[in-house]
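Beneath this line is the structure, given in structure tokens, with notes to follow.
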Number of protein chains: 2
Amino acid sequence: MTQSPEHPLAPLIQKLEYSGPLSSDDRNAILALPYTLKSFEPHSYIVRHGDRPAYSCLLRSGFAFRHKVVADGGRQICSIHMKGDIVDLQNCLLGYADHNVQVLTHAEVALIPCKAVREITVERPAVGLAMWSDTLVDGSIFREWVTNVGRRQARRRLAHLLCEFSLRLEAAGLGARDHYVLPMTQEQLADCTGLTPVHVNRTLRQMDLDGLLERTNRAVTVNDWKRLAEVGDFRTDYLHLREDQLQIAQ
Amino acid sequence: MTQSPEHPLAPLIQKLEYSGPLSSDDRNAILALPYTLKSFEPHSYIVRHGDRPAYSCLLRSGFAFRHKVVADGGRQICSIHMKGDIVDLQNCLLGYADHNVQVLTHAEVALIPCKAVREITVERPAVGLAMWSDTLVDGSIFREWVTNVGRRQARRRLAHLLCEFSLRLEAAGLGARDHYVLPMTQEQLADCTGLTPVHVNRTLRQMDLDGLLERTNRAVTVNDWKRLAEVGDFRTDYLHLREDQLQIAQ
DNA sequence: CGAGCGTTTGATCGGTGTCAAGGATCGTGG
DNA sequence: CCACGATCCTTGACACCGATCAAACGCTCG
């Protein structure tokens, strides 16, 4: 994206500008936030259910996911996060973590003190509004996941999930909607969709046979995005992306 | 609750103080927000998917729910709302509604212009933080719903939903956790849990037979709340209620 | 080359959906 | 005060989607 070495907090600006451009004062205030850099090994936890973290984590590279564990040991993944996402913004205001956050791959993170997050929202209301907007988009995505898991059949569910990834990766500049790297195992896909790994395997295989997509290792190639979106009952609106972030007309 | 006639926006203060007390200046600023009163007949829509509303709706009485419709006509309810909830705060910042909001019962609502909502967050940062917190709690509840619908069996799912209602109603001063009025049909419970009405009926009946609860019309009596919480794999933490709002020790 | 992890596949099981019909309750109007 | 219709609840028989169990296969990385 950038030739010059990127400021560690630059992805945050990019993300917060999803809801509209910020003034240069606002951008500078974001870049002036205090932070500590940290990296996480694959599968390690950023936050555990019950923690009372003093920092917010900005994902600078890699992928992370939120999940909860139920009584019988089952796991449900509630969301996937990528570069630019703040994965535990809520802990700053709510005090304790109500779920786990774990990295998928190796990940680079910037830790921003909660206190600084609260302060910037007071001193620069536009930044506060942008963060609030980001939280609202998060909520919108959760609603779509409730719907996906609650009311769609396996095939649609998986297609929907793949469509969501493709657009979010595209918007974040991490891939193209019809060809991208998805660093998730079938077991993790199962935990996103409330299915079992076995059934995810069969369903993906069938979609593959039907020519909907091709899989090589973890790369996904979508042959006909529009068709996949139809199968997945997928609408882009809930992602609340800007027009110019959706490069190809849907 | 109050002897003197309550200010129409008072429930909003009560709700925003879930995350901590506000100063009297902040409270007065809230009460000074412009608003219009409106009532909705049972089953009528407050907001439809795709709308671009200019107002936020504060629920003053009655119940409402958010829902989405999928390709085959199925409906998924994403959340239930009660007195004090702002049911479409997100539209103020995000521009358009990504889902439907419908009332369950007759409901009294106060419409607050989006502009006024944005302004108060700038002028009174503490109010902005409280609204943001409220959005974050919303998100937490959505995550729990994803988990509930994705990874729990029908019996646990329903028990969990009933536990959530009981605590939220108790916190809002609308009932006791072991006895309350739930104005939902079994079809609506099914749409909350991703089940069919028939299966909800059978499952509730079995819970009734097992002595977990008693149902008369729409009133629910919980015989042993702790046991219901166990069946529902229910933890209170995700609701982010204050200690003093949970009257009975869990 | 072997271990470990993830993927693939088959056989069978079970929880929930579907279809269908009857019963209860409640508001409304004669 | 009763009749009626509408809506919701209840129940049974059966079907099916996805879960479970088990085993083999294929990468990839020491």
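Identifiers in this document derive from the order of the structure tokens: chains are assigned A, B, ..., residues are numbered from 1 separately in each chain, and ligands are numbered from 1 in order of occurrence.
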- Residues of chain B within 6 Å of chain A, counting only C-alpha atoms, as a ChimeraX atom specification: /B:71,76,78,90,98,122,125,132,136,139,142-143,146-147,149-151,194,233,238
- Query: For chain C against chain B, which residues fall within 10 Å using only C-alpha atoms (C1' of nucleotides), given as a list in words?
  - Reply: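 Taken together, these residues fit the definition: DG15, DT16, DG17, DT18 and DT25 of chain C.
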Could you list the residues in chain B lying within 9 Å of chain D, using only C-alpha atoms (C1' of nucleotides), and format the result as a PDB file with N, CA and C atoms, in the first residue's frame?
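Writing the result to part.pdb gives the following:
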ATOM      1  N   THR B 185     -45.205 -14.649  21.341  1.00  0.00           N
ATOM      2  CA  THR B 185     -45.802 -15.911  20.937  1.00  0.00           C
ATOM      3  C   THR B 185     -44.696 -16.946  20.781  1.00  0.00           C
ATOM      4  N   GLN B 186     -45.092 -18.186  20.676  1.00  0.00           N
ATOM      5  CA  GLN B 186     -44.094 -19.235  20.514  1.00  0.00           C
ATOM      6  C   GLN B 186     -43.416 -19.120  19.148  1.00  0.00           C
ATOM      7  N   GLU B 187     -44.132 -18.576  18.190  1.00  0.00           N
ATOM      8  CA  GLU B 187     -43.524 -18.365  16.882  1.00  0.00           C
ATOM      9  C   GLU B 187     -42.393 -17.339  16.996  1.00  0.00           C
ATOM     10  N   VAL B 198     -43.199 -25.289  16.319  1.00  0.00           N
ATOM     11  CA  VAL B 198     -43.585 -26.618  16.810  1.00  0.00           C
ATOM     12  C   VAL B 198     -42.553 -27.131  17.819  1.00  0.00           C
ATOM     13  N   ASN B 201     -42.684 -25.291  21.061  1.00  0.00           N
ATOM     14  CA  ASN B 201     -43.813 -25.766  21.852  1.00  0.00           C
ATOM     15  C   ASN B 201     -43.464 -27.040  22.607  1.00  0.00           C
ATOM     16  N   ARG B 202     -42.934 -27.995  21.907  1.00  0.00           N
ATOM     17  CA  ARG B 202     -42.575 -29.268  22.543  1.00  0.00           C
ATOM     18  C   ARG B 202     -41.516 -29.070  23.628  1.00  0.00           C
TER      19      ARG B 202
END
- List the neighbours of B:Met207 out to 10 Å using only C-alpha atoms (C1' of nucleotides); skip same-chain residues closer than 6 positions along the sequence, and give me the result as an MDAnalysis selection string. chainID B and resid 155 158:159 201 213:214 228 231
- Message: Need to verify the contact set: B:Ser166, 12 Å, only C-alpha atoms (C1' of nucleotides), exclusion of same-chain residues closer than 4 positions in sequence. Can you return it as a PyMOL selection string?
- Response: chain B and resi 82+159-162+170-182+219-222+225+228-229+234+236+239+246-248
- Message: When DSSP is applied to the backbone of this structure, which of stretch 11-239 of chain B are assigned helix (DSSP H, G or I)? Write them out as an MDAnalysis selection string.
- Response: chainID B and resid 11:19 24:31 89:94 114:123 125:151 154:171 186:193 197:209 225:231 237:239
- Between atom CA of A:Val117 and atom CA of A:Ile30, what is the spacing in Å?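 Atom-to-atom, atom CA of A:Ile30 and atom CA of A:Val117 are spaced 9.4 Å apart.
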- Query: Using the chain letters and numbers from this document, which residues of chain B does DSSP assign to strand (DSSP E), as a PyMOL selection string?
  - Reply: chain B and resi 36-40+45-47+55-61+64-69+75-81+100-103+107-113+179-181+213-216+219-222
- Message: So the first atom is atom CA of A:Gln245 and the second is atom CA of A:Ala10; what is the distance between them in Å, to one decimal place?
- Response: 17.4 Å
